[in-house]
file target-v1.cif (mmCIF, C-alpha atoms)
data_data
#
loop_
_atom_site.label_atom_id
_atom_site.label_comp_id
_atom_site.auth_asym_id
_atom_site.auth_seq_id
_atom_site.Cartn_x
_atom_site.Cartn_y
_atom_site.Cartn_z
CA MET A 1 94.39 111.65 96.80
CA LYS A 2 92.16 114.56 95.76
CA ASN A 3 92.42 116.01 99.26
CA SER A 4 96.18 115.80 99.40
CA LYS A 5 96.49 117.57 96.01
CA LEU A 6 94.17 120.35 97.16
CA CYS A 7 96.09 120.64 100.40
CA LEU A 8 99.36 120.86 98.47
CA ALA A 9 98.05 123.57 96.16
CA PHE A 10 96.78 125.54 99.15
CA LEU A 11 100.10 125.24 100.99
CA LEU A 12 102.01 126.36 97.92
CA ALA A 13 99.74 129.40 97.60
CA VAL A 14 100.26 130.32 101.26
CA PHE A 15 104.00 129.81 100.86
CA MET A 16 104.17 132.16 97.86
CA ALA A 17 102.06 134.80 99.65
CA VAL A 18 104.40 134.67 102.66
CA LEU A 19 107.44 134.98 100.37
CA ALA A 20 105.94 138.03 98.65
CA PHE A 21 105.04 139.66 101.97
CA VAL A 22 108.46 139.03 103.51
CA GLY A 23 110.09 140.41 100.36
CA GLN A 24 108.09 143.65 100.56
CA ALA A 25 108.57 144.09 104.31
CA LYS A 26 112.32 143.55 103.94
CA GLU A 27 112.54 146.14 101.18
CA SER A 28 110.76 148.97 103.01
CA MET A 29 112.58 148.24 106.28
CA ASP A 30 115.96 148.29 104.54
CA VAL A 31 115.77 151.88 103.28
CA ASN A 32 115.41 153.37 106.78
CA GLN A 33 118.08 151.10 108.24
CA VAL A 34 120.43 151.75 105.35
CA ARG A 35 119.93 155.51 105.60
CA LYS A 36 120.92 155.37 109.28
CA ALA A 37 124.03 153.34 108.43
CA ILE A 38 124.92 155.85 105.70
CA GLU A 39 124.44 158.87 107.98
CA SER A 40 126.59 157.20 110.61
CA GLY A 41 129.24 156.51 107.93
CA ASN A 42 129.14 160.18 106.92
CA LEU A 43 129.74 161.27 110.53
CA LYS A 44 132.77 158.95 110.67
CA PHE A 45 134.00 160.50 107.41
CA GLY A 46 133.81 164.01 108.90
CA GLU A 47 135.55 162.85 112.07
CA ALA A 48 138.41 161.28 110.10
CA VAL A 49 138.83 164.51 108.12
CA ARG A 50 138.96 166.64 111.30
CA GLN A 51 141.59 164.25 112.68
CA GLY A 52 143.60 164.60 109.47
CA ASN A 53 143.56 160.78 109.22
CA GLY A 54 143.70 159.71 105.57
CA ALA A 55 143.88 156.00 106.43
CA ALA A 56 140.67 156.29 108.48
CA ILE A 57 138.93 157.96 105.53
CA ALA A 58 140.11 155.22 103.15
CA ALA A 59 138.93 152.53 105.61
CA LEU A 60 135.33 153.69 104.97
CA TYR A 61 135.63 152.56 101.31
CA THR A 62 135.38 149.03 99.89
CA ASP A 63 138.68 147.44 98.81
CA ASP A 64 137.77 147.80 95.12
CA ALA A 65 135.99 151.16 95.42
CA THR A 66 135.89 153.71 92.58
CA LEU A 67 136.70 157.36 93.37
CA MET A 68 135.79 159.94 90.72
CA PRO A 69 137.19 163.32 91.89
CA PRO A 70 136.94 166.50 89.80
CA ASN A 71 140.08 167.31 87.77
CA SER A 72 141.35 163.74 88.06
CA GLU A 73 141.12 160.44 86.24
CA ILE A 74 139.09 157.67 87.90
CA ILE A 75 140.90 156.16 90.92
CA LYS A 76 140.34 152.44 91.61
CA GLY A 77 141.11 150.66 94.87
CA LYS A 78 141.91 151.58 98.46
CA PRO A 79 145.65 152.48 98.16
CA GLY A 80 144.90 155.10 95.47
CA ILE A 81 141.93 156.41 97.46
CA GLU A 82 144.04 156.76 100.60
CA ALA A 83 146.74 158.62 98.62
CA PHE A 84 144.08 160.95 97.17
CA TRP A 85 142.63 161.89 100.57
CA LYS A 86 146.08 162.24 102.16
CA GLY A 87 146.81 164.69 99.33
CA GLY A 88 143.59 166.57 100.08
CA LEU A 89 144.39 166.76 103.79
CA GLY A 90 147.89 167.98 102.91
CA MET A 91 146.35 170.73 100.78
CA GLY A 92 144.44 171.95 103.82
CA ILE A 93 141.04 170.20 104.02
CA LYS A 94 140.12 170.62 107.70
CA ASP A 95 136.48 169.59 107.88
CA ALA A 96 133.82 167.85 105.79
CA VAL A 97 130.10 167.95 106.55
CA LEU A 98 128.12 165.42 104.48
CA THR A 99 124.33 165.76 104.45
CA THR A 100 122.19 162.96 103.05
CA VAL A 101 119.37 164.24 100.80
CA GLU A 102 117.95 160.98 99.44
CA VAL A 103 118.65 157.25 99.66
CA PHE A 104 117.29 154.55 97.40
CA GLY A 105 118.27 151.14 96.20
CA MET A 106 117.79 147.51 97.01
CA GLY A 107 119.62 144.60 98.50
CA ASP A 108 123.35 145.05 98.84
CA LEU A 109 123.63 148.39 97.02
CA ALA A 110 122.23 151.78 97.98
CA CYS A 111 122.46 155.10 96.16
CA GLU A 112 122.86 158.23 98.28
CA ILE A 113 122.33 161.74 96.90
CA GLY A 114 123.94 164.25 99.25
CA LYS A 115 125.43 167.69 99.73
CA TYR A 116 128.88 168.50 101.10
CA ASN A 117 130.55 171.42 102.75
CA LEU A 118 134.35 171.53 103.02
CA LYS A 119 136.47 173.88 105.12
CA ILE A 120 139.92 174.36 103.59
CA GLN A 121 142.87 176.18 105.16
CA PRO A 122 145.96 175.97 102.95
CA ALA A 123 149.21 176.67 104.80
CA GLY A 124 149.91 180.41 104.86
CA GLN A 125 146.79 181.29 102.87
CA ALA A 126 143.28 182.48 103.66
CA ALA A 127 140.75 179.81 104.62
CA PHE A 128 137.88 179.16 102.23
CA GLU A 129 134.91 176.86 101.88
CA ASP A 130 133.63 174.69 99.07
CA SER A 131 130.09 173.40 98.87
CA GLY A 132 128.64 170.98 96.37
CA LYS A 133 126.84 167.70 95.88
CA TYR A 134 127.65 164.04 95.44
CA ILE A 135 126.43 160.58 94.65
CA VAL A 136 127.79 157.70 96.69
CA ILE A 137 126.93 154.08 95.93
CA TRP A 138 127.20 152.24 99.23
CA LYS A 139 127.77 148.47 99.33
CA LYS A 140 126.76 146.15 102.14
CA GLN A 141 129.65 144.11 103.53
CA ALA A 142 129.66 140.49 104.71
CA ASP A 143 129.60 141.71 108.35
CA GLY A 144 126.45 143.80 107.71
CA SER A 145 128.26 147.18 107.69
CA TRP A 146 128.05 149.56 104.71
CA LYS A 147 131.02 151.05 102.84
CA LEU A 148 131.47 153.64 100.10
CA HIS A 149 131.81 151.75 96.81
CA VAL A 150 131.56 154.53 94.19
CA ASP A 151 132.01 158.22 95.00
CA ILE A 152 131.61 161.23 92.68
CA TRP A 153 131.07 164.91 93.47
CA ASN A 154 131.26 168.38 92.02
CA THR A 155 131.16 171.92 93.36
CA SER A 156 128.00 174.03 93.33
CA LEU A 157 130.05 177.27 93.43
CA PRO A 158 130.21 179.33 90.22
CA ALA A 159 133.07 178.51 87.84
CA PRO A 160 136.12 180.77 88.25
CA LYS A 161 136.06 183.50 85.58
CA MET B 1 99.98 110.03 105.35
CA LYS B 2 103.72 109.69 105.84
CA ASN B 3 104.18 109.49 102.09
CA SER B 4 102.11 112.57 101.36
CA LYS B 5 104.07 114.61 103.93
CA LEU B 6 107.36 113.50 102.42
CA CYS B 7 106.06 114.26 98.97
CA LEU B 8 104.98 117.73 100.12
CA ALA B 9 108.36 118.48 101.68
CA PHE B 10 110.10 117.34 98.52
CA LEU B 11 107.87 119.47 96.29
CA LEU B 12 108.46 122.53 98.48
CA ALA B 13 112.20 121.99 98.25
CA VAL B 14 112.02 121.71 94.45
CA PHE B 15 109.81 124.80 94.32
CA MET B 16 112.28 126.86 96.37
CA ALA B 17 115.21 125.67 94.25
CA VAL B 18 113.38 126.69 91.08
CA LEU B 19 112.57 130.12 92.60
CA ALA B 20 116.22 130.66 93.53
CA PHE B 21 117.39 129.60 90.07
CA VAL B 22 114.87 131.80 88.26
CA GLY B 23 115.86 134.71 90.52
CA GLN B 24 119.54 134.32 89.69
CA ALA B 25 118.94 133.83 85.97
CA LYS B 26 116.73 136.94 85.87
CA GLU B 27 119.35 139.02 87.66
CA SER B 28 122.28 138.09 85.43
CA MET B 29 120.16 138.42 82.29
CA ASP B 30 118.96 141.88 83.37
CA VAL B 31 122.43 143.41 83.59
CA ASN B 32 123.24 142.61 79.97
CA GLN B 33 119.83 143.74 78.74
CA VAL B 34 119.97 146.91 80.84
CA ARG B 35 123.47 147.72 79.61
CA LYS B 36 122.24 147.48 76.01
CA ALA B 37 119.29 149.78 76.82
CA ILE B 38 121.67 152.25 78.48
CA GLU B 39 124.13 152.23 75.58
CA SER B 40 121.25 152.81 73.19
CA GLY B 41 120.04 155.69 75.40
CA ASN B 42 123.55 157.18 75.32
CA LEU B 43 123.59 157.07 71.51
CA LYS B 44 120.23 158.91 71.46
CA PHE B 45 121.72 161.48 73.85
CA GLY B 46 124.64 162.14 71.48
CA GLU B 47 122.29 162.36 68.49
CA ALA B 48 120.07 164.92 70.28
CA VAL B 49 123.16 167.01 71.13
CA ARG B 50 124.39 166.96 67.51
CA GLN B 51 120.91 168.05 66.39
CA GLY B 52 121.00 170.88 68.95
CA ASN B 53 117.65 169.58 70.27
CA GLY B 54 117.33 170.36 73.99
CA ALA B 55 113.79 168.96 74.20
CA ALA B 56 115.00 165.63 72.79
CA ILE B 57 117.78 165.52 75.42
CA ALA B 58 115.28 166.28 78.22
CA ALA B 59 112.92 163.57 76.90
CA LEU B 60 115.56 160.96 77.84
CA TYR B 61 115.14 161.86 81.56
CA THR B 62 112.34 160.81 83.93
CA ASP B 63 109.77 163.49 84.79
CA ASP B 64 111.18 163.88 88.32
CA ALA B 65 114.84 163.39 87.41
CA THR B 66 117.69 165.01 89.37
CA LEU B 67 120.45 166.80 87.44
CA MET B 68 123.64 167.66 89.36
CA PRO B 69 125.84 169.76 87.04
CA PRO B 70 129.17 171.25 88.13
CA ASN B 71 128.97 174.92 89.21
CA SER B 72 125.21 174.71 89.73
CA GLU B 73 122.71 173.86 92.43
CA ILE B 74 120.76 170.60 92.04
CA ILE B 75 118.11 170.82 89.29
CA LYS B 76 114.90 168.79 89.82
CA GLY B 77 112.37 167.93 87.11
CA LYS B 78 112.18 167.93 83.33
CA PRO B 79 111.50 171.66 82.65
CA GLY B 80 114.66 172.70 84.56
CA ILE B 81 116.67 169.95 82.87
CA GLU B 82 115.50 171.05 79.42
CA ALA B 83 116.42 174.67 80.26
CA PHE B 84 119.87 173.55 81.44
CA TRP B 85 120.66 171.61 78.27
CA LYS B 86 119.26 174.35 76.01
CA GLY B 87 121.65 176.69 77.83
CA GLY B 88 124.53 174.27 77.20
CA LEU B 89 123.66 173.98 73.50
CA GLY B 90 123.46 177.79 73.34
CA MET B 91 126.96 178.00 74.83
CA GLY B 92 128.27 175.86 71.99
CA ILE B 93 128.08 172.15 72.94
CA LYS B 94 128.15 170.44 69.55
CA ASP B 95 128.71 166.77 70.35
CA ALA B 96 128.63 164.40 73.31
CA VAL B 97 130.13 160.90 73.27
CA LEU B 98 129.09 158.83 76.29
CA THR B 99 130.97 155.58 76.95
CA THR B 100 129.63 153.08 79.46
CA VAL B 101 132.37 151.69 81.74
CA GLU B 102 130.32 149.64 84.21
CA VAL B 103 126.66 148.88 84.94
CA PHE B 104 125.25 147.36 88.09
CA GLY B 105 122.03 147.36 90.02
CA MET B 106 118.86 145.39 90.36
CA GLY B 107 115.22 145.59 89.49
CA ASP B 108 114.01 148.98 88.33
CA LEU B 109 117.21 150.94 89.02
CA ALA B 110 120.62 150.62 87.42
CA CYS B 111 123.83 152.51 88.14
CA GLU B 112 126.05 153.37 85.17
CA ILE B 113 129.64 154.54 85.56
CA GLY B 114 130.77 156.19 82.34
CA LYS B 115 133.13 158.60 80.60
CA TYR B 116 132.15 161.56 78.45
CA ASN B 117 133.75 163.62 75.76
CA LEU B 118 132.21 166.95 74.75
CA LYS B 119 133.03 169.07 71.73
CA ILE B 120 132.32 172.74 72.37
CA GLN B 121 132.43 175.57 69.82
CA PRO B 122 131.39 178.88 71.39
CA ALA B 123 130.30 181.50 68.82
CA GLY B 124 133.34 183.43 67.57
CA GLN B 125 135.79 181.53 69.77
CA ALA B 126 138.16 178.61 69.35
CA ALA B 127 136.65 175.13 69.68
CA PHE B 128 137.71 173.03 72.66
CA GLU B 129 136.96 169.66 74.21
CA ASP B 130 136.08 168.56 77.71
CA SER B 131 136.44 165.00 78.93
CA GLY B 132 135.35 163.58 82.24
CA LYS B 133 133.28 160.95 83.97
CA TYR B 134 129.77 160.50 85.29
CA ILE B 135 127.34 158.42 87.24
CA VAL B 136 123.82 158.03 85.89
CA ILE B 137 121.11 156.20 87.81
CA TRP B 138 118.74 154.83 85.18
CA LYS B 139 115.13 153.99 86.06
CA LYS B 140 112.95 151.45 84.27
CA GLN B 141 109.68 152.90 83.01
CA ALA B 142 106.23 151.30 82.93
CA ASP B 143 106.65 150.62 79.18
CA GLY B 144 109.93 148.75 79.78
CA SER B 145 112.18 151.56 78.50
CA TRP B 146 114.97 153.08 80.64
CA LYS B 147 115.40 156.78 81.40
CA LEU B 148 118.04 158.89 83.16
CA HIS B 149 116.84 159.48 86.73
CA VAL B 150 119.90 160.99 88.43
CA ASP B 151 122.85 162.44 86.53
CA ILE B 152 126.13 163.82 87.93
CA TRP B 153 129.48 164.41 86.25
CA ASN B 154 132.77 166.23 86.57
CA THR B 155 135.71 167.01 84.32
CA SER B 156 138.92 164.96 84.35
CA LEU B 157 140.92 167.89 82.93
CA PRO B 158 143.32 169.68 85.31
CA ALA B 159 141.85 172.62 87.26
CA PRO B 160 142.54 176.02 85.63
CA LYS B 161 145.52 177.70 87.33
#
call {"tool": "encode", "arguments": {"input": "target-v1.cif", "output": "structure tokens"}}
result
Amino acid sequence: MKNSKLCLAFLLAVFMAVLAFVGQAKESMDVNQVRKAIESGNLKFGEAVRQGNGAAIAALYTDDATLMPPNSEIIKGKPGIEAFWKGGLGMGIKDAVLTTVEVFGMGDLACEIGKYNLKIQPAGQAAFEDSGKYIVIWKKQADGSWKLHVDIWNTSLPAPK
Amino acid sequence: MKNSKLCLAFLLAVFMAVLAFVGQAKESMDVNQVRKAIESGNLKFGEAVRQGNGAAIAALYTDDATLMPPNSEIIKGKPGIEAFWKGGLGMGIKDAVLTTVEVFGMGDLACEIGKYNLKIQPAGQAAFEDSGKYIVIWKKQADGSWKLHVDIWNTSLPAPK
């Protein structure tokens, strides 16, 4: 009886140590994997912009995503997000380069700090560029892929006088 | 021997169930507690603005915080953040009301989606207001308090023509 209690206590201790180790290993592995998934998502975003494909941009967001564009109220949900990006493409956005600066987070959510560069060519007007920064909260999906769940940005260019 | 193995398996199962339950309870409890801490931090932010106290605003940020203001490059670290807010106070920011819309996250990081309203009274000019939205990533400190770790916002007002 004494032996079996000791054995039980020992097994429980080993079990907890394994749990703690697996938890830590999972966490540090995730950040690198998630960053790769995010960078691959950002390349798809740029590709969709160059193709002028608003539906393909919207498909990178979760169904209940939150878009927080400058000079706009908050936009909730995929139909509104698709309409927003179709509007942007219609106003002449031709390319978007998204560069990940930092990724952190845990589990099913990850926070990306990044920088953007947009090329804009409005019909019949001179082309110009906008560069700025953003935060995107990415959310892991049931199939293991990652989608944009919250998206906010602002320009780093000086304010117009 | 058969009995002690069965007993061990049963105890392990109970142990894992308790772990899972405690984990869930902790998570759902955290969000409410964290939201209260964030709302209290936002009230302190508004108070510091009304007092015109840039150092008190900066004290609400982590030492290595990231500030991402519109029309500015990314600002890293408390001295730059204090300089930014002192500049804002000098340009006439008199009040800031920060309203939490949503909080999510886990462990030591929490993501807040919120709305802001600023009252601005530049010297010798008419007062005006700005309203917009923000994401703040809050980070739990060693003493259990929460500080702003990443902060980005943009206006919801129409772009100037």
call {"tool": "calpha_fit_and_write", "arguments": {"input": "target-v1.cif", "fixed": "chain B", "moving": "chain A", "output": "short mmCIF file (atom, residue, chain, number, x, y, z; two decimals) with C-alpha atoms, keeping the file's coordinate frame"}}
result
data_model
loop_
_atom_site.label_atom_id
_atom_site.label_comp_id
_atom_site.auth_asym_id
_atom_site.auth_seq_id
_atom_site.Cartn_x
_atom_site.Cartn_y
_atom_site.Cartn_z
CA MET A 1 98.66 110.90 105.21
CA LYS A 2 102.40 110.35 105.71
CA ASN A 3 102.87 110.14 101.95
CA SER A 4 100.99 113.32 101.23
CA LYS A 5 103.06 115.24 103.83
CA LEU A 6 106.30 113.94 102.33
CA CYS A 7 105.07 114.82 98.87
CA LEU A 8 104.19 118.32 100.05
CA ALA A 9 107.59 118.86 101.64
CA PHE A 10 109.29 117.65 98.47
CA LEU A 11 107.20 119.94 96.25
CA LEU A 12 107.93 122.91 98.47
CA ALA A 13 111.66 122.17 98.26
CA VAL A 14 111.52 121.95 94.46
CA PHE A 15 109.49 125.15 94.34
CA MET A 16 112.06 127.05 96.43
CA ALA A 17 114.95 125.70 94.33
CA VAL A 18 113.22 126.85 91.14
CA LEU A 19 112.58 130.29 92.67
CA ALA A 20 116.25 130.63 93.64
CA PHE A 21 117.43 129.52 90.19
CA VAL A 22 115.06 131.85 88.34
CA GLY A 23 116.16 134.71 90.61
CA GLN A 24 119.84 134.13 89.80
CA ALA A 25 119.28 133.66 86.07
CA LYS A 26 117.22 136.85 85.92
CA GLU A 27 119.92 138.82 87.71
CA SER A 28 122.83 137.82 85.46
CA MET A 29 120.75 138.22 82.29
CA ASP A 30 119.63 141.70 83.32
CA VAL A 31 123.10 143.27 83.47
CA ASN A 32 123.89 142.53 79.81
CA GLN A 33 120.43 143.59 78.65
CA VAL A 34 120.52 146.73 80.76
CA ARG A 35 123.98 147.66 79.50
CA LYS A 36 122.71 147.43 75.91
CA ALA A 37 119.71 149.63 76.77
CA ILE A 38 122.05 152.14 78.43
CA GLU A 39 124.46 152.23 75.48
CA SER A 40 121.53 152.74 73.13
CA GLY A 41 120.27 155.56 75.39
CA ASN A 42 123.72 157.17 75.27
CA LEU A 43 123.71 157.09 71.45
CA LYS A 44 120.31 158.82 71.48
CA PHE A 45 121.75 161.42 73.87
CA GLY A 46 124.62 162.18 71.46
CA GLU A 47 122.21 162.36 68.53
CA ALA A 48 119.95 164.83 70.35
CA VAL A 49 122.98 167.00 71.18
CA ARG A 50 124.16 167.03 67.53
CA GLN A 51 120.64 168.04 66.49
CA GLY A 52 120.68 170.85 69.05
CA ASN A 53 117.40 169.42 70.43
CA GLY A 54 117.11 170.17 74.15
CA ALA A 55 113.62 168.66 74.41
CA ALA A 56 114.90 165.37 72.96
CA ILE A 57 117.71 165.32 75.53
CA ALA A 58 115.25 165.98 78.38
CA ALA A 59 112.94 163.21 77.07
CA LEU A 60 115.68 160.68 77.95
CA TYR A 61 115.27 161.54 81.67
CA THR A 62 112.57 160.38 84.10
CA ASP A 63 109.92 162.97 85.01
CA ASP A 64 111.36 163.36 88.53
CA ALA A 65 115.03 162.99 87.56
CA THR A 66 117.85 164.69 89.48
CA LEU A 67 120.53 166.58 87.52
CA MET A 68 123.71 167.52 89.40
CA PRO A 69 125.82 169.71 87.05
CA PRO A 70 129.12 171.30 88.12
CA ASN A 71 128.83 174.95 89.24
CA SER A 72 125.08 174.61 89.80
CA GLU A 73 122.65 173.66 92.53
CA ILE A 74 120.81 170.35 92.15
CA ILE A 75 118.10 170.50 89.45
CA LYS A 76 114.96 168.39 90.00
CA GLY A 77 112.42 167.46 87.33
CA LYS A 78 112.18 167.50 83.55
CA PRO A 79 111.36 171.22 82.91
CA GLY A 80 114.51 172.32 84.79
CA ILE A 81 116.59 169.65 83.05
CA GLU A 82 115.35 170.75 79.63
CA ALA A 83 116.16 174.40 80.47
CA PHE A 84 119.66 173.36 81.60
CA TRP A 85 120.47 171.48 78.38
CA LYS A 86 118.93 174.20 76.19
CA GLY A 87 121.30 176.58 77.99
CA GLY A 88 124.23 174.26 77.29
CA LEU A 89 123.32 173.98 73.61
CA GLY A 90 123.00 177.77 73.46
CA MET A 91 126.51 178.08 74.92
CA GLY A 92 127.83 176.00 72.03
CA ILE A 93 127.77 172.29 72.95
CA LYS A 94 127.83 170.60 69.53
CA ASP A 95 128.51 166.95 70.30
CA ALA A 96 128.58 164.54 73.24
CA VAL A 97 130.17 161.09 73.15
CA LEU A 98 129.23 158.97 76.18
CA THR A 99 131.22 155.78 76.77
CA THR A 100 129.99 153.22 79.29
CA VAL A 101 132.80 151.87 81.51
CA GLU A 102 130.84 149.76 84.00
CA VAL A 103 127.23 148.88 84.78
CA PHE A 104 125.91 147.29 87.94
CA GLY A 105 122.72 147.19 89.91
CA MET A 106 119.60 145.15 90.31
CA GLY A 107 115.96 145.22 89.45
CA ASP A 108 114.63 148.57 88.35
CA LEU A 109 117.78 150.61 89.02
CA ALA A 110 121.18 150.41 87.36
CA CYS A 111 124.34 152.40 88.04
CA GLU A 112 126.48 153.35 85.05
CA ILE A 113 130.06 154.62 85.40
CA GLY A 114 131.08 156.33 82.17
CA LYS A 115 133.34 158.82 80.44
CA TYR A 116 132.25 161.77 78.31
CA ASN A 117 133.74 163.89 75.61
CA LEU A 118 132.10 167.20 74.66
CA LYS A 119 132.80 169.37 71.62
CA ILE A 120 131.99 173.02 72.32
CA GLN A 121 131.97 175.86 69.79
CA PRO A 122 130.84 179.13 71.39
CA ALA A 123 129.65 181.73 68.88
CA GLY A 124 132.60 183.76 67.59
CA GLN A 125 135.14 181.92 69.74
CA ALA A 126 137.59 179.06 69.26
CA ALA A 127 136.19 175.54 69.59
CA PHE A 128 137.36 173.45 72.52
CA GLU A 129 136.73 170.06 74.05
CA ASP A 130 135.95 168.90 77.56
CA SER A 131 136.43 165.35 78.74
CA GLY A 132 135.44 163.86 82.06
CA LYS A 133 133.47 161.16 83.81
CA TYR A 134 129.99 160.59 85.16
CA ILE A 135 127.66 158.42 87.14
CA VAL A 136 124.14 157.93 85.85
CA ILE A 137 121.50 156.00 87.78
CA TRP A 138 119.13 154.60 85.18
CA LYS A 139 115.56 153.63 86.11
CA LYS A 140 113.44 151.06 84.34
CA GLN A 141 110.10 152.42 83.13
CA ALA A 142 106.70 150.71 83.10
CA ASP A 143 107.08 150.09 79.33
CA GLY A 144 110.43 148.30 79.86
CA SER A 145 112.59 151.19 78.56
CA TRP A 146 115.35 152.77 80.69
CA LYS A 147 115.70 156.48 81.48
CA LEU A 148 118.29 158.64 83.21
CA HIS A 149 117.13 159.15 86.80
CA VAL A 150 120.18 160.74 88.48
CA ASP A 151 123.05 162.32 86.55
CA ILE A 152 126.31 163.78 87.90
CA TRP A 153 129.62 164.49 86.16
CA ASN A 154 132.85 166.40 86.46
CA THR A 155 135.73 167.28 84.17
CA SER A 156 138.99 165.32 84.12
CA LEU A 157 140.89 168.34 82.71
CA PRO A 158 143.25 170.18 85.08
CA ALA A 159 141.72 173.05 87.07
CA PRO A 160 142.27 176.48 85.48
CA LYS A 161 145.20 178.23 87.19
#
call {"tool": "closest_residue", "arguments": {"input": "target-v1.cif", "among": "B:Thr99, B:Gly54, B:Asp108, B:Asp64", "to": "Lys86 (chain B)", "atoms": "all atoms listed in the file"}}
result
B:Gly54
call {"tool": "interface_residues", "arguments": {"input": "target-v1.cif", "of": "chain B", "to": "chain A", "cutoff": "8 Å", "atoms": "only C-alpha atoms", "output": "compact mmCIF listing (two decimals) with C-alpha atoms, in the frame of the given file"}}
result
# COMPACT_ATOMS: atom_id res chain seq x y z
CA SER B 4 102.11 112.57 101.36
CA LEU B 8 104.98 117.73 100.12
CA LEU B 12 108.46 122.53 98.48
CA MET B 68 123.64 167.66 89.36
CA PRO B 69 125.84 169.76 87.04
CA PRO B 70 129.17 171.25 88.13
CA ASN B 71 128.97 174.92 89.21
CA SER B 72 125.21 174.71 89.73
CA GLU B 73 122.71 173.86 92.43
CA ILE B 74 120.76 170.60 92.04
CA GLY B 105 122.03 147.36 90.02
CA MET B 106 118.86 145.39 90.36
CA LEU B 109 117.21 150.94 89.02
CA GLY B 132 135.35 163.58 82.24
CA LYS B 133 133.28 160.95 83.97
CA TYR B 134 129.77 160.50 85.29
CA ILE B 135 127.34 158.42 87.24
CA ILE B 152 126.13 163.82 87.93
CA TRP B 153 129.48 164.41 86.25
CA ASN B 154 132.77 166.23 86.57
CA THR B 155 135.71 167.01 84.32
CA SER B 156 138.92 164.96 84.35
CA LEU B 157 140.92 167.89 82.93
CA PRO B 158 143.32 169.68 85.31
CA ALA B 159 141.85 172.62 87.26
call {"tool": "atom_distance", "arguments": {"input": "target-v1.cif", "atom1": "CA of Val97 (chain B)", "atom2": "CA of Tyr116 (chain B)"}}
result
5.6 Å
call {"tool": "resolve_selection", "arguments": {"input": "target-v1.cif", "expression": "the PyMOL selection byres ((chain A and resi 48) around 12)", "output": "list of chain:residue names"}}
result
A:Gly41, A:Asn42, A:Leu43, A:Lys44, A:Phe45, A:Gly46, A:Glu47, A:Val49, A:Arg50, A:Gln51, A:Gly52, A:Asn53, A:Gly54, A:Ala55, A:Ala56, A:Ile57, A:Ala58, A:Ala59, A:Leu60, A:Glu82, A:Trp85, A:Lys86, A:Leu89, A:Ile93, A:Lys94, A:Asp95, A:Ala96, A:Val97
call {"tool": "atom_distance", "arguments": {"input": "target-v1.cif", "atom1": "CA of Lys139 (chain B)", "atom2": "CA of Ile38 (chain B)"}}
result
10.2 Å
call {"tool": "closest_residue", "arguments": {"input": "target-v1.cif", "among": "A:Pro122, A:Trp146, A:Phe128, A:Gly87", "to": "Val34 (chain A)", "atoms": "all atoms listed in the file"}}
result
A:Trp146
call {"tool": "resolve_selection", "arguments": {"input": "target-v1.cif", "expression": "the PyMOL selection byres ((chain B and resi 130) around 6)", "output": "PyMOL selection string"}}
result
chain B and resi 117-118+129+131
call {"tool": "atom_distance", "arguments": {"input": "target-v1.cif", "atom1": "CA of Ala142 (chain B)", "atom2": "CA of Val103 (chain B)"}}
result
20.7 Å
call {"tool": "decode", "arguments": {"input": "target-v1.cif", "residues": "region 38-56 of chain A", "atoms": "C-alpha atoms", "output": "PDB file, in the first residue's frame"}}
result
ATOM      1  CA  ILE A  38       1.282  35.317 -41.426  1.00  0.00           C
ATOM      2  CA  GLU A  39       3.999  36.198 -43.951  1.00  0.00           C
ATOM      3  CA  SER A  40       2.457  33.788 -46.427  1.00  0.00           C
ATOM      4  CA  GLY A  41      -0.960  35.403 -45.793  1.00  0.00           C
ATOM      5  CA  ASN A  42       0.571  38.831 -46.446  1.00  0.00           C
ATOM      6  CA  LEU A  43       1.973  37.647 -49.800  1.00  0.00           C
ATOM      7  CA  LYS A  44      -1.507  36.403 -50.760  1.00  0.00           C
ATOM      8  CA  PHE A  45      -2.903  39.806 -49.760  1.00  0.00           C
ATOM      9  CA  GLY A  46      -0.462  41.593 -52.085  1.00  0.00           C
ATOM     10  CA  GLU A  47      -1.231  39.170 -54.901  1.00  0.00           C
ATOM     11  CA  ALA A  48      -4.986  39.727 -54.540  1.00  0.00           C
ATOM     12  CA  VAL A  49      -4.438  43.499 -54.648  1.00  0.00           C
ATOM     13  CA  ARG A  50      -2.311  43.277 -57.815  1.00  0.00           C
ATOM     14  CA  GLN A  51      -5.057  41.155 -59.397  1.00  0.00           C
ATOM     15  CA  GLY A  52      -7.641  43.761 -58.418  1.00  0.00           C
ATOM     16  CA  ASN A  53      -9.601  40.944 -56.729  1.00  0.00           C
ATOM     17  CA  GLY A  54     -11.598  42.323 -53.787  1.00  0.00           C
ATOM     18  CA  ALA A  55     -13.260  38.973 -53.054  1.00  0.00           C
ATOM     19  CA  ALA A  56      -9.845  37.306 -52.757  1.00  0.00           C
TER      20      ALA A  56
END
